[in-house]
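Participant: Sharing work-v3.txt (compact mmCIF, C-alpha atoms) below.
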# COMPACT_ATOMS: atom_id res chain seq x y z
CA MET A 1 -13.16 11.41 -22.15
CA SER A 2 -12.26 14.27 -19.80
CA THR A 3 -13.87 12.44 -16.86
CA THR A 4 -11.82 9.34 -17.66
CA LEU A 5 -8.61 11.39 -17.77
CA SER A 6 -9.55 13.09 -14.51
CA MET A 7 -10.19 9.70 -12.89
CA ALA A 8 -6.82 8.46 -14.17
CA ALA A 9 -5.01 11.55 -12.86
CA PHE A 10 -6.61 11.12 -9.43
CA ALA A 11 -5.71 7.43 -9.36
CA LEU A 12 -2.12 8.16 -10.36
CA ALA A 13 -1.64 10.90 -7.78
CA ALA A 14 -3.04 8.71 -5.00
CA SER A 15 -1.29 5.50 -6.07
CA ILE A 16 2.23 6.67 -6.92
CA SER A 17 2.71 8.87 -3.85
CA PRO A 18 4.73 7.44 -0.96
CA GLY A 19 2.77 5.45 1.56
CA PRO A 20 3.01 2.25 3.59
CA VAL A 21 2.11 -0.08 0.72
CA ASN A 22 4.67 1.52 -1.59
CA ILE A 23 7.36 1.49 1.10
CA VAL A 24 6.87 -2.25 1.58
CA ALA A 25 6.93 -2.74 -2.22
CA LEU A 26 10.25 -0.86 -2.39
CA SER A 27 11.73 -2.94 0.41
CA SER A 28 10.42 -6.19 -1.08
CA GLY A 29 11.86 -5.33 -4.48
CA ALA A 30 15.23 -4.59 -2.91
CA GLN A 31 15.27 -7.76 -0.83
CA HIS A 32 13.59 -10.28 -3.10
CA GLY A 33 13.62 -8.83 -6.62
CA LEU A 34 10.78 -7.69 -8.85
CA ARG A 35 9.28 -11.06 -9.76
CA ALA A 36 9.08 -12.22 -6.16
CA SER A 37 7.48 -8.89 -5.15
CA MET A 38 4.65 -9.09 -7.66
CA ALA A 39 2.44 -11.10 -5.27
CA HIS A 40 2.50 -8.11 -2.90
CA VAL A 41 1.83 -5.73 -5.81
CA THR A 42 -1.11 -7.84 -6.99
CA GLY A 43 -2.57 -8.29 -3.52
CA ALA A 44 -2.34 -4.59 -2.73
CA THR A 45 -3.95 -3.68 -6.04
CA VAL A 46 -6.79 -6.18 -5.72
CA GLY A 47 -7.31 -5.28 -2.05
CA PHE A 48 -7.55 -1.58 -2.83
CA THR A 49 -9.78 -2.05 -5.87
CA VAL A 50 -12.22 -4.20 -3.88
CA LEU A 51 -12.25 -1.55 -1.14
CA LEU A 52 -12.80 1.21 -3.71
CA VAL A 53 -15.68 -0.57 -5.43
CA LEU A 54 -17.36 -1.52 -2.15
CA ILE A 55 -17.13 2.08 -0.96
CA GLY A 56 -18.61 3.19 -4.28
CA LEU A 57 -21.48 0.78 -3.75
CA GLY A 58 -22.22 2.06 -0.25
CA LEU A 59 -19.69 0.63 2.24
CA HIS A 60 -18.83 4.18 3.34
CA GLU A 61 -22.33 4.37 4.87
CA LEU A 62 -21.10 1.99 7.58
CA THR A 63 -18.87 4.75 8.92
CA THR A 64 -21.97 6.93 9.30
CA TRP A 65 -23.92 4.23 11.14
CA LEU A 66 -20.92 2.98 13.12
CA PRO A 67 -18.64 5.98 13.77
CA TRP A 68 -16.40 3.90 16.04
CA LEU A 69 -15.44 1.89 12.95
CA VAL A 70 -13.28 4.78 11.72
CA THR A 71 -11.37 4.82 15.01
CA ALA A 72 -11.01 1.02 14.97
CA ILE A 73 -9.60 1.09 11.43
CA GLN A 74 -7.24 3.90 12.40
CA TRP A 75 -5.89 2.00 15.43
CA ALA A 76 -5.62 -1.26 13.48
CA GLY A 77 -3.75 0.64 10.77
CA VAL A 78 -1.36 2.17 13.29
CA ALA A 79 -0.71 -1.24 14.87
CA PHE A 80 -0.10 -2.79 11.46
CA LEU A 81 2.28 0.02 10.43
CA LEU A 82 4.23 -0.40 13.65
CA PHE A 83 4.38 -4.18 13.12
CA MET A 84 5.72 -3.68 9.58
CA ALA A 85 8.25 -1.13 10.87
CA TRP A 86 9.44 -3.59 13.51
CA LYS A 87 9.80 -6.34 10.86
CA LEU A 88 11.88 -4.04 8.63
CA ALA A 89 14.00 -2.68 11.48
CA THR A 90 14.88 -6.15 12.75
CA ASP A 91 15.59 -7.68 9.33
CA ASP A 92 19.15 -9.00 9.01
CA GLY A 93 19.69 -7.25 5.69
CA ARG A 94 20.55 -10.35 3.71
CA LEU A 95 18.93 -10.34 0.30
CA GLY A 96 16.27 -12.96 -0.20
CA ASP A 97 16.75 -15.98 -2.39
CA GLY A 98 13.27 -15.63 -3.87
CA SER A 99 11.65 -18.07 -1.43
CA ALA A 100 8.20 -17.14 -0.26
CA SER A 101 9.05 -17.45 3.43
CA LYS A 102 9.92 -13.81 4.16
CA ARG A 103 8.52 -11.78 1.28
CA PRO A 104 5.14 -10.03 1.52
CA SER A 105 2.38 -12.23 0.14
CA LEU A 106 -0.73 -11.51 -1.90
CA LEU A 107 -2.89 -11.64 1.23
CA TYR A 108 -0.45 -9.38 3.11
CA GLY A 109 -0.70 -6.77 0.35
CA ALA A 110 -4.50 -6.89 0.37
CA ALA A 111 -4.69 -6.67 4.17
CA MET A 112 -2.34 -3.69 4.13
CA GLN A 113 -4.80 -1.75 1.98
CA TRP A 114 -7.78 -2.53 4.21
CA LEU A 115 -5.82 -1.42 7.28
CA ASN A 116 -4.33 1.62 5.55
CA PRO A 117 -6.18 4.85 6.41
CA LYS A 118 -4.62 6.49 3.32
CA ALA A 119 -6.37 3.86 1.18
CA TRP A 120 -9.72 4.49 2.87
CA LEU A 121 -9.36 8.24 2.40
CA ALA A 122 -8.38 7.85 -1.26
CA ALA A 123 -11.29 5.48 -1.90
CA ILE A 124 -13.85 7.68 -0.17
CA ALA A 125 -12.54 10.88 -1.79
CA GLY A 126 -12.30 9.28 -5.23
CA MET A 127 -15.75 7.75 -5.16
CA GLY A 128 -17.15 10.96 -3.72
CA ALA A 129 -15.71 12.91 -6.63
CA TYR A 130 -16.47 10.51 -9.49
CA ALA A 131 -19.30 8.17 -8.49
CA ALA A 132 -21.07 9.77 -5.54
CA GLY A 133 -24.46 8.58 -6.77
CA GLY A 134 -23.41 4.95 -6.59
CA ASP A 135 -24.03 4.42 -10.32
CA VAL A 136 -22.73 0.92 -10.96
CA ALA A 137 -21.31 1.82 -14.39
CA GLN A 138 -19.35 4.79 -12.97
CA VAL A 139 -18.15 2.76 -9.99
CA GLY A 140 -17.03 -0.02 -12.35
CA GLU A 141 -15.27 2.39 -14.72
CA PHE A 142 -13.43 4.11 -11.89
CA GLY A 143 -12.54 0.75 -10.34
CA ALA A 144 -11.13 -0.56 -13.64
CA ILE A 145 -9.08 2.59 -14.26
CA TYR A 146 -7.82 2.60 -10.69
CA PHE A 147 -6.86 -1.08 -10.85
CA VAL A 148 -4.55 -0.57 -13.83
CA ILE A 149 -2.95 2.61 -12.49
CA CYS A 150 -2.60 1.26 -8.95
CA TYR A 151 -0.97 -1.94 -10.23
CA VAL A 152 1.54 -0.06 -12.36
CA SER A 153 2.27 2.46 -9.58
CA ILE A 154 2.99 -0.13 -6.88
CA ALA A 155 4.97 -2.18 -9.40
CA CYS A 156 7.11 0.92 -10.07
CA TRP A 157 8.03 1.03 -6.39
CA ALA A 158 8.90 -2.67 -6.43
CA TYR A 159 10.95 -2.10 -9.60
CA ALA A 160 12.79 0.79 -7.94
CA GLY A 161 13.68 -1.55 -5.07
CA ALA A 162 14.80 -4.25 -7.50
CA PHE A 163 16.94 -1.66 -9.31
CA LEU A 164 18.59 -0.74 -5.99
CA ARG A 165 19.20 -4.42 -5.23
CA HIS A 166 22.51 -4.31 -7.11
CA TYR A 167 23.72 -1.54 -4.79
CA LEU A 168 22.46 -3.27 -1.68
CA GLN A 169 24.39 -6.54 -1.90
CA ASP A 170 26.14 -5.60 1.34
CA ALA A 171 23.83 -6.64 4.21
CA ARG A 172 24.87 -3.53 6.16
CA ARG A 173 23.52 -1.23 3.41
CA MET A 174 20.30 -3.22 3.23
CA ARG A 175 19.87 -2.92 7.00
CA TRP A 176 20.29 0.86 6.73
CA LEU A 177 17.68 1.04 3.96
CA ASN A 178 15.28 -1.14 5.95
CA ARG A 179 15.74 0.97 9.07
CA GLY A 180 15.15 4.15 7.08
CA LEU A 181 11.98 2.67 5.61
CA ALA A 182 10.95 1.49 9.09
CA ALA A 183 11.37 5.06 10.35
CA LEU A 184 9.08 6.27 7.55
CA LEU A 185 6.45 3.73 8.58
CA VAL A 186 6.70 4.86 12.22
CA ALA A 187 6.37 8.47 11.06
CA SER A 188 3.23 7.47 9.13
CA ALA A 189 1.80 5.83 12.24
CA VAL A 190 2.57 8.88 14.38
CA TYR A 191 0.96 11.13 11.78
CA LEU A 192 -2.20 9.03 11.92
CA LEU A 193 -2.32 9.41 15.69
CA VAL A 194 -1.76 13.16 15.85
CA GLY A 195 -3.02 14.25 12.41
Translate the structure of the given file into structure tokens.

Facilitator:
Amino acid sequence: MSTTLSMAAFALAASISPGPVNIVALSSGAQHGLRASMAHVTGATVGFTVLLVLIGLGLHELTTWLPWLVTAIQWAGVAFLLFMAWKLATDDGRLGDGSASKRPSLLYGAAMQWLNPKAWLAAIAGMGAYAAGGDVAQVGEFGAIYFVICYVSIACWAYAGAFLRHYLQDARRMRWLNRGLAALLVASAVYLLVG
């Protein structure tokens, strides 16, 4: 039981903390509402859980055999963060009508996790701590726990955005929020380059 609680605490700390996926969930919730943002939440959760389980089953060995892969993922992540920042910064600030045209999709959420160095670090660190031997039962248990906690955590960010939606009816306020979130994404990208 104590291992399960420890796994849950690790998953919560890694999932609820600010990061690119959560920033996009917040923005999506504010622009499109909670229901419309759940595709992003689901995609990000599934994408991360698949990454976590594959790392637990040995995917991390690729980084040992192909060390350039770490650099490629880092640069792809930086490019993706900058792209998302640009999209937020140039958004007109008008709240969405719930149509799927502008909101982050399921696939977008999943791709964000695979290009997110924070996700790779959390997956490698988590599996290293709780399932280093690659035991399928441990990997599966950790993956199941992480899935639930990750889903709830990202959904909380989307809910926070949806809660703010009432205060962001003015397009000018929404533009300011989006630009602030874009600045956070740029800061994350810069940190990845110099950190």

Participant: Please list as a PyMOL selection string every residue within 7 Å of Ala171 (chain A), counting all atoms listed in the file and excluding residues in the same chain fewer than 4 positions away.

Facilitator: chain A and resi 93-94+175

Participant: Figure out the distance between CA of Leu34 (chain A) and CA of Gly126 (chain A), please, to one decimal in Å.

Facilitator: 28.9 Å

Participant: With a distance cut-off of 9 Å and all atoms listed in the file, select the neighbouring residues of Ser105 (chain A), excluding the residue or stretch itself and same-chain residues fewer than 4 positions from it, and output the selection as a short mmCIF file (atom, residue, chain, number, x, y, z; two decimals) with C-alpha atoms, in the coordinates of the input.

Facilitator:
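Saved as out.cif:
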data_model
loop_
_atom_site.label_atom_id
_atom_site.label_comp_id
_atom_site.auth_asym_id
_atom_site.auth_seq_id
_atom_site.Cartn_x
_atom_site.Cartn_y
_atom_site.Cartn_z
CA SER A 37 7.48 -8.89 -5.15
CA MET A 38 4.65 -9.09 -7.66
CA ALA A 39 2.44 -11.10 -5.27
CA HIS A 40 2.50 -8.11 -2.90
CA VAL A 41 1.83 -5.73 -5.81
CA GLY A 43 -2.57 -8.29 -3.52
CA ALA A 100 8.20 -17.14 -0.26
CA GLY A 109 -0.70 -6.77 0.35
CA ALA A 110 -4.50 -6.89 0.37
#

Participant: Name the closest residue to Tyr167 (chain A) among the candidates A:Val136, A:Ala30, A:Ile149, A:Leu82; distances are taken between atoms, counting all atoms listed in the file.

Facilitator: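 Of the candidates, the smallest distance to Tyr167 (chain A) is held by A:Ala30.
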
Participant: Compile the contact shell of Ser153 (chain A) as a PyMOL selection string: residues with an atom at most 12 Å away, counting all atoms listed in the file, same-chain residues fewer than 2 positions apart removed.

Facilitator: chain A and resi 8+11-19+21-23+25-26+38+41-42+44-45+146-151+155-160

Participant: Grab the residues selected above and save them as a short mmCIF file (atom, residue, chain, number, x, y, z; two decimals), keeping the file's coordinate frame with C-alpha atoms.

Facilitator:
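Saved to again.cif:
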data_model
loop_
_atom_site.label_atom_id
_atom_site.label_comp_id
_atom_site.auth_asym_id
_atom_site.auth_seq_id
_atom_site.Cartn_x
_atom_site.Cartn_y
_atom_site.Cartn_z
CA ALA A 8 -6.82 8.46 -14.17
CA ALA A 11 -5.71 7.43 -9.36
CA LEU A 12 -2.12 8.16 -10.36
CA ALA A 13 -1.64 10.90 -7.78
CA ALA A 14 -3.04 8.71 -5.00
CA SER A 15 -1.29 5.50 -6.07
CA ILE A 16 2.23 6.67 -6.92
CA SER A 17 2.71 8.87 -3.85
CA PRO A 18 4.73 7.44 -0.96
CA GLY A 19 2.77 5.45 1.56
CA VAL A 21 2.11 -0.08 0.72
CA ASN A 22 4.67 1.52 -1.59
CA ILE A 23 7.36 1.49 1.10
CA ALA A 25 6.93 -2.74 -2.22
CA LEU A 26 10.25 -0.86 -2.39
CA MET A 38 4.65 -9.09 -7.66
CA VAL A 41 1.83 -5.73 -5.81
CA THR A 42 -1.11 -7.84 -6.99
CA ALA A 44 -2.34 -4.59 -2.73
CA THR A 45 -3.95 -3.68 -6.04
CA TYR A 146 -7.82 2.60 -10.69
CA PHE A 147 -6.86 -1.08 -10.85
CA VAL A 148 -4.55 -0.57 -13.83
CA ILE A 149 -2.95 2.61 -12.49
CA CYS A 150 -2.60 1.26 -8.95
CA TYR A 151 -0.97 -1.94 -10.23
CA ALA A 155 4.97 -2.18 -9.40
CA CYS A 156 7.11 0.92 -10.07
CA TRP A 157 8.03 1.03 -6.39
CA ALA A 158 8.90 -2.67 -6.43
CA TYR A 159 10.95 -2.10 -9.60
CA ALA A 160 12.79 0.79 -7.94
#

Participant: From the options A:Met174, A:Leu5, A:Leu115, A:Met127, which residue's atoms come nearest to Ala72 (chain A), counting all atoms listed in the file?

Facilitator: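 Checking each candidate against Ala72 (chain A), we get A:Leu115 as the closest.
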
Participant: Which residue gives the smallest distance to Gly140 (chain A) among A:Ser28, A:Leu54, A:Ser2, A:Trp114, with all atoms listed in the file counted?

Facilitator: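 Nearest candidate to Gly140 (chain A) out of A:Ser28, A:Leu54, A:Ser2, A:Trp114: A:Leu54.
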
Participant: Give the answer as one residue: which of A:Leu168, A:Val152, A:Ala36, A:Ala122 has the shortest atom-to-atom distance to Arg103 (chain A), using only C-alpha atoms?

Facilitator: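 Closest to Arg103 (chain A), using only C-alpha atoms: A:Ala36.
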
Participant: Between A:Val190, A:Ala119, A:Val78, A:Leu177, which one has atoms that come closest to Gln31 (chain A), using all atoms listed in the file?

Facilitator: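 Ranking A:Val190, A:Ala119, A:Val78, A:Leu177 by distance to Gln31 (chain A), first place goes to A:Leu177.
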
Participant: Looking at only C-alpha atoms, which of A:Ile124, A:Ala162, A:Leu181, A:Val186 is the one that sits closest to Asp91 (chain A)?

Facilitator: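 Among A:Ile124, A:Ala162, A:Leu181, A:Val186, it is A:Leu181 that comes nearest to Asp91 (chain A).
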
Participant: By how many Å are CA of Ala125 (chain A) and CA of Leu185 (chain A) apart?

Facilitator: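 Straight-line distance from CA of Ala125 (chain A) to CA of Leu185 (chain A) works out to 22.8 Å.
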
Participant: Please report the interatomic distance between CA of Thr4 (chain A) and CA of Ala123 (chain A) in Å with one decimal.

Facilitator: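 Between these atoms lies a distance of 16.2 Å.
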